[in-house]
file data_10.pdb (PDB, C-alpha atoms and all ligand atoms)
ATOM      1  CA  MET A 293       0.000   0.000   0.000
ATOM      2  CA  LEU A 294       1.250   3.479  -0.882
ATOM      3  CA  THR A 295       1.761   6.274   1.618
ATOM      4  CA  ARG A 296      -0.017   9.548   0.860
ATOM      5  CA  GLU A 297       3.262  11.044  -0.276
ATOM      6  CA  GLU A 298       3.876   8.150  -2.662
ATOM      7  CA  SER A 299       0.336   8.359  -4.017
ATOM      8  CA  ARG A 300       0.720  12.067  -4.697
ATOM      9  CA  LYS A 301       4.074  11.441  -6.420
ATOM     10  CA  LEU A 302       2.448   8.805  -8.601
ATOM     11  CA  LEU A 303      -0.359  11.211  -9.440
ATOM     12  CA  ALA A 304       2.132  13.913 -10.417
ATOM     13  CA  THR A 305       3.940  11.419 -12.682
ATOM     14  CA  TYR A 306       0.825  10.707 -14.707
ATOM     15  CA  ILE A 307      -1.115  13.965 -14.547
ATOM     16  CA  ASP A 308       0.257  17.310 -15.732
ATOM     17  CA  ASN A 309      -3.092  19.089 -15.757
ATOM     18  CA  GLU A 310      -3.484  20.963 -12.510
ATOM     19  CA  ASN A 311      -7.284  20.974 -12.703
ATOM     20  CA  LEU A 312      -7.370  17.212 -12.958
ATOM     21  CA  ARG A 313      -4.993  16.843 -10.016
ATOM     22  CA  HIS A 314      -7.213  19.239  -8.083
ATOM     23  CA  HIS A 315     -10.249  17.096  -8.929
ATOM     24  CA  CYS A 316      -8.407  14.033  -7.597
ATOM     25  CA  GLU A 317      -7.559  15.861  -4.358
ATOM     26  CA  MET A 318     -11.195  16.911  -3.941
ATOM     27  CA  VAL A 319     -12.485  13.374  -4.363
ATOM     28  CA  ALA A 320      -9.787  12.111  -1.968
ATOM     29  CA  SER A 321     -10.894  14.642   0.684
ATOM     30  CA  ALA A 322     -14.537  13.718   0.169
ATOM     31  CA  MET A 323     -13.758  10.012   0.547
ATOM     32  CA  GLU A 324     -11.627  10.580   3.632
ATOM     33  CA  ALA A 325     -14.343  12.678   5.284
ATOM     34  CA  TYR A 326     -17.025  10.091   4.590
ATOM     35  CA  ALA A 327     -14.808   7.273   5.883
ATOM     36  CA  GLN A 328     -14.255   9.224   9.108
ATOM     37  CA  ASN A 329     -17.942  10.008   9.322
ATOM     38  CA  LEU A 330     -18.740   6.305   9.052
ATOM     39  CA  GLY A 331     -16.305   5.571  11.892
ATOM     40  CA  LEU A 332     -14.008   3.377   9.805
ATOM     41  CA  SER A 333     -10.541   2.260  10.926
ATOM     42  CA  GLU A 334      -7.360   4.190  10.153
ATOM     43  CA  SER A 335      -6.355   1.742   7.432
ATOM     44  CA  GLU A 336      -9.786   1.888   5.844
ATOM     45  CA  ILE A 337      -9.657   5.682   5.894
ATOM     46  CA  GLU A 338      -6.340   5.447   4.004
ATOM     47  CA  ASP A 339      -7.943   3.109   1.464
ATOM     48  CA  TRP A 340     -10.798   5.528   0.905
ATOM     49  CA  TRP A 341      -8.498   8.511   0.513
ATOM     50  CA  THR A 342      -6.252   6.595  -1.891
ATOM     51  CA  ALA A 343      -9.171   5.404  -4.018
ATOM     52  CA  GLY A 344     -10.269   9.025  -4.319
ATOM     53  CA  LEU A 345      -6.835  10.345  -5.164
ATOM     54  CA  LEU A 346      -5.934   7.726  -7.762
ATOM     55  CA  HIS A 347      -9.314   7.068  -9.412
ATOM     56  CA  ASP A 348      -8.480   9.165 -12.492
ATOM     57  CA  LEU A 349      -4.749   8.406 -12.598
ATOM     58  CA  ASP A 350      -4.690   7.318 -16.242
ATOM     59  CA  TRP A 351      -7.342   9.749 -17.525
ATOM     60  CA  GLU A 352      -4.911  12.258 -19.021
ATOM     61  CA  LYS A 353      -2.490   9.852 -20.713
ATOM     62  CA  PHE A 354      -4.883   7.039 -21.611
ATOM     63  CA  PRO A 355      -8.337   8.623 -21.967
ATOM     64  CA  ASP A 356      -9.695   5.809 -24.135
ATOM     65  CA  GLU A 357      -8.553   3.060 -21.800
ATOM     66  CA  HIS A 358      -9.334   4.801 -18.513
ATOM     67  CA  PRO A 359      -9.519   3.305 -15.901
ATOM     68  CA  ASN A 360      -8.616  -0.092 -17.322
ATOM     69  CA  HIS A 361      -5.096   0.964 -18.223
ATOM     70  CA  ALA A 362      -4.287   1.897 -14.632
ATOM     71  CA  LEU A 363      -5.975  -1.225 -13.285
ATOM     72  CA  GLU A 364      -4.069  -3.532 -15.594
ATOM     73  CA  ASN A 365      -0.740  -1.806 -16.074
ATOM     74  CA  ILE A 366      -0.070   0.617 -13.244
ATOM     75  CA  PHE A 367      -1.697  -0.440  -9.986
ATOM     76  CA  PRO A 368      -0.478  -4.075  -9.862
ATOM     77  CA  GLU A 369       3.101  -3.000  -9.315
ATOM     78  CA  PHE A 370       2.081  -0.939  -6.268
ATOM     79  CA  GLY A 371       0.036  -3.621  -4.565
ATOM     80  CA  LEU A 372      -3.066  -1.561  -3.953
ATOM     81  CA  PRO A 373      -5.570  -3.469  -1.807
ATOM     82  CA  GLU A 374      -8.687  -4.853  -3.504
ATOM     83  CA  PRO A 375     -11.107  -2.377  -1.930
ATOM     84  CA  VAL A 376      -9.162   0.434  -3.609
ATOM     85  CA  THR A 377      -8.892  -1.161  -7.046
ATOM     86  CA  GLY A 378     -12.503  -2.383  -6.808
ATOM     87  CA  ALA A 379     -13.692   1.143  -6.117
ATOM     88  CA  ILE A 380     -11.660   2.554  -8.994
ATOM     89  CA  ARG A 381     -12.941  -0.186 -11.295
ATOM     90  CA  SER A 382     -16.559   0.520 -10.460
ATOM     91  CA  HIS A 383     -16.423   4.320 -10.692
ATOM     92  CA  ALA A 384     -16.662   3.826 -14.476
ATOM     93  CA  PRO A 385     -19.049   0.859 -14.885
ATOM     94  CA  GLU A 386     -19.677   1.570 -18.555
ATOM     95  CA  ARG A 387     -15.960   1.108 -19.234
ATOM     96  CA  THR A 388     -15.139  -1.764 -16.881
ATOM     97  CA  GLY A 389     -18.415  -3.665 -16.658
ATOM     98  CA  LYS A 390     -18.263  -3.506 -12.870
ATOM     99  CA  LYS A 391     -21.041  -1.725 -11.008
ATOM    100  CA  PRO A 392     -20.445  -0.333  -7.514
ATOM    101  CA  HIS A 393     -21.469  -2.765  -4.753
ATOM    102  CA  SER A 394     -19.311  -2.497  -1.622
ATOM    103  CA  VAL A 395     -19.503   0.587   0.565
ATOM    104  CA  ILE A 396     -16.224   2.131  -0.647
ATOM    105  CA  GLU A 397     -17.311   1.477  -4.245
ATOM    106  CA  ARG A 398     -20.648   3.199  -3.710
ATOM    107  CA  TYR A 399     -19.083   6.214  -2.072
ATOM    108  CA  LEU A 400     -16.441   6.691  -4.757
ATOM    109  CA  PHE A 401     -19.130   6.596  -7.416
ATOM    110  CA  ALA A 402     -21.205   9.034  -5.349
ATOM    111  CA  CYS A 403     -18.366  11.512  -4.757
ATOM    112  CA  ASP A 404     -16.807  11.659  -8.226
ATOM    113  CA  GLU A 405     -19.175  13.505 -10.572
ATOM    114  CA  ILE A 406     -20.740  15.682  -7.906
ATOM    115  CA  SER A 407     -17.297  16.931  -6.814
ATOM    116  CA  GLY A 408     -16.511  17.983 -10.368
ATOM    117  CA  PHE A 409     -19.850  19.682 -10.650
ATOM    118  CA  MET A 410     -19.502  21.477  -7.316
ATOM    119  CA  HIS A 411     -16.057  22.688  -8.306
ATOM    120  CA  ALA A 412     -17.557  24.196 -11.466
ATOM    121  CA  VAL A 413     -20.263  25.875  -9.358
ATOM    122  CA  SER A 414     -17.668  27.230  -6.912
ATOM    123  CA  LEU A 415     -15.777  28.914  -9.753
ATOM    124  CA  MET A 416     -18.912  30.877 -10.670
ATOM    125  CA  ARG A 417     -19.334  32.259  -7.161
ATOM    126  CA  PRO A 418     -17.456  35.222  -5.660
ATOM    127  CA  ASN A 419     -16.930  33.376  -2.380
ATOM    128  CA  GLY A 420     -16.518  29.894  -3.819
ATOM    129  CA  PHE A 421     -17.589  27.249  -1.324
ATOM    130  CA  GLU A 422     -17.740  29.661   1.582
ATOM    131  CA  ASP A 423     -21.429  30.560   1.425
ATOM    132  CA  MET A 424     -22.538  27.828  -0.958
ATOM    133  CA  GLN A 425     -25.833  26.111  -0.189
ATOM    134  CA  PRO A 426     -27.131  22.792  -1.541
ATOM    135  CA  LYS A 427     -29.660  24.837  -3.492
ATOM    136  CA  SER A 428     -26.847  26.755  -5.241
ATOM    137  CA  VAL A 429     -25.787  23.382  -6.643
ATOM    138  CA  THR A 430     -29.135  21.703  -7.379
ATOM    139  CA  LYS A 431     -30.333  24.820  -9.186
ATOM    140  CA  LYS A 432     -27.307  24.745 -11.471
ATOM    141  CA  MET A 433     -27.932  21.071 -12.187
ATOM    142  CA  LYS A 434     -31.119  22.054 -13.946
ATOM    143  CA  ASP A 435     -29.195  24.342 -16.293
ATOM    144  CA  LYS A 436     -28.368  21.824 -19.009
ATOM    145  CA  ARG A 437     -25.689  23.977 -20.604
ATOM    146  CA  PHE A 438     -23.767  24.439 -17.363
ATOM    147  CA  ALA A 439     -20.941  21.880 -16.971
ATOM    148  CA  GLU A 440     -22.764  19.871 -19.594
ATOM    149  CA  ASN A 441     -20.203  17.065 -19.596
ATOM    150  CA  VAL A 442     -21.116  16.169 -16.013
ATOM    151  CA  SER A 443     -23.745  13.446 -15.961
ATOM    152  CA  ARG A 444     -26.740  14.496 -13.843
ATOM    153  CA  GLU A 445     -27.936  10.926 -13.953
ATOM    154  CA  ASP A 446     -24.719   9.691 -12.328
ATOM    155  CA  ILE A 447     -25.068  12.347  -9.645
ATOM    156  CA  TYR A 448     -28.574  11.165  -8.728
ATOM    157  CA  GLU A 449     -27.549   7.540  -8.938
ATOM    158  CA  GLY A 450     -24.602   8.215  -6.640
ATOM    159  CA  ALA A 451     -26.789   9.757  -3.938
ATOM    160  CA  ASN A 452     -29.107   6.736  -4.219
ATOM    161  CA  LEU A 453     -26.181   4.346  -3.873
ATOM    162  CA  ILE A 454     -25.246   5.866  -0.507
ATOM    163  CA  ASN A 455     -28.864   6.156   0.638
ATOM    164  CA  THR A 456     -28.560   9.889   1.035
ATOM    165  CA  GLU A 457     -30.808  12.645  -0.209
ATOM    166  CA  LEU A 458     -28.855  14.653  -2.762
ATOM    167  CA  PRO A 459     -29.088  17.982  -0.851
ATOM    168  CA  GLU A 460     -27.744  16.271   2.258
ATOM    169  CA  HIS A 461     -24.863  14.733   0.277
ATOM    170  CA  ILE A 462     -24.093  18.147  -1.186
ATOM    171  CA  ARG A 463     -24.260  19.794   2.249
ATOM    172  CA  PHE A 464     -21.722  17.309   3.594
ATOM    173  CA  LEU A 465     -19.396  17.896   0.645
ATOM    174  CA  ILE A 466     -19.659  21.685   0.967
ATOM    175  CA  SER A 467     -18.380  21.356   4.533
ATOM    176  CA  VAL A 468     -15.503  19.196   3.256
ATOM    177  CA  PHE A 469     -14.538  21.530   0.425
ATOM    178  CA  GLN A 470     -14.714  24.626   2.636
ATOM    179  CA  LYS A 471     -11.615  23.380   4.488
TER     180      LYS A 471
HETATM  181 FE    FE B 501     -12.863   8.609 -14.053
HETATM  182 FE    FE B 502     -13.162  11.700 -11.464
END

call {"tool": "encode", "arguments": {"input": "data_10.pdb", "output": "structure tokens"}}
result
Amino acid sequence: MLTREESRKLLATYIDNENLRHHCEMVASAMEAYAQNLGLSESEIEDWWTAGLLHDLDWEKFPDEHPNHALENIFPEFGLPEPVTGAIRSHAPERTGKKPHSVIERYLFACDEISGFMHAVSLMRPNGFEDMQPKSVTKKMKDKRFAENVSREDIYEGANLINTELPEHIRFLISVFQK
């Protein structure tokens, strides 16, 4: 298993785009916060953080094979535990054929698209996340042209997968991203 420093080094090796690295950090923070909130062990919290940080590792260099390239050719050499690779595999079910089942898998799916969307919303606001409300986000979701590459369907499905009302999920993530 990689330390946080090693994971970040690996990320920097594969991703030049700062926005994409920022997205990975956001999802890692979201996963860590949820793992803590669920009262998981220290090692599980590390798994959750790592799954968040590395889930898009091969997106920049191998967009057509993502995330299968990382799963087959990068992760094996680092001995990532199954919960981490399973979560990364199932964050893109249409590409891997694996739907999210376990808790870590469900949460990674639930945190990915919404984090990207919330980041886009934060950029439109003078105070970013500071005074953001769930409504600021759900309203923007109805604007089809805003961040149009973010799947609204995946966002709703994610909230369902973690048995959380979407506004509540968003409220939790706002508190995470405010830090
Ligand atoms: Fe991805
Ligand atoms: Fe992502």

call {"tool": "residues_near_ligand", "arguments": {"input": "data_10.pdb", "ligand": "ligand FE 501 (chain B)", "cutoff": "9 Å", "atoms": "all atoms listed in the file", "output": "ChimeraX atom specification"}}
result
/A:347-351,358-359,380,383-384,404-405

call {"tool": "write_last_selection", "arguments": {"input": "data_10.pdb", "atoms": "C-alpha atoms", "output": "compact mmCIF listing (two decimals), keeping the file's coordinate frame"}}
result
# COMPACT_ATOMS: atom_id res chain seq x y z
CA HIS A 347 -9.31 7.07 -9.41
CA ASP A 348 -8.48 9.16 -12.49
CA LEU A 349 -4.75 8.41 -12.60
CA ASP A 350 -4.69 7.32 -16.24
CA TRP A 351 -7.34 9.75 -17.52
CA HIS A 358 -9.33 4.80 -18.51
CA PRO A 359 -9.52 3.30 -15.90
CA ILE A 380 -11.66 2.55 -8.99
CA HIS A 383 -16.42 4.32 -10.69
CA ALA A 384 -16.66 3.83 -14.48
CA ASP A 404 -16.81 11.66 -8.23
CA GLU A 405 -19.18 13.50 -10.57

call {"tool": "resolve_selection", "arguments": {"input": "data_10.pdb", "expression": "the PyMOL selection byres (((chain A and resi 409) around 12) and not hetatm)", "output": "JSON, numbers by chain"}}
result
{"A": [315, 318, 319, 402, 403, 404, 405, 406, 407, 408, 410, 411, 412, 413, 414, 415, 416, 428, 429, 430, 431, 432, 433, 434, 435, 438, 439, 440, 441, 442, 443, 444, 446, 447, 462, 465, 466]}

call {"tool": "atom_distance", "arguments": {"input": "data_10.pdb", "atom1": "CA of Arg398 in chain A", "atom2": "CA of Glu298 in chain A"}}
result
25.0 Å

call {"tool": "residues_around", "arguments": {"input": "data_10.pdb", "residues": "Thr342 in chain A", "least_positions_apart": "3", "cutoff": "8 Å", "atoms": "all atoms listed in the file", "output": "list in words"}}
result
Arg296, Ser299, Ala320, Glu338, Asp339, Leu345, Leu346 and Val376 of chain A

call {"tool": "atom_distance", "arguments": {"input": "data_10.pdb", "atom1": "CA of Arg387 in chain A", "atom2": "CA of Glu352 in chain A"}}
result
15.7 Å

call {"tool": "residues_around", "arguments": {"input": "data_10.pdb", "residues": "Ser467 in chain A", "least_positions_apart": "6", "cutoff": "10 Å", "atoms": "only C-alpha atoms", "output": "JSON, numbers by chain"}}
result
{"A": [322, 325, 421, 422, 424]}

call {"tool": "atom_distance", "arguments": {"input": "data_10.pdb", "atom1": "CA of Leu372 in chain A", "atom2": "CA of Glu445 in chain A"}}
result
29.6 Å

call {"tool": "residues_near_point", "arguments": {"input": "data_10.pdb", "point": "(-17.8, -2.0, -9.6)", "cutoff": "12 Å", "atoms": "all atoms listed in the file", "output": "count of residues only"}}
result
30

call {"tool": "axis_aligned_box", "arguments": {"input": "data_10.pdb", "around": "range 418-431 of chain A", "padding_each_side": "6 Å", "output": "JSON"}}
result
{"center_x": -23.4, "center_y": 28.5, "center_z": -3.8, "size_x": 25.8, "size_y": 25.5, "size_z": 22.8}
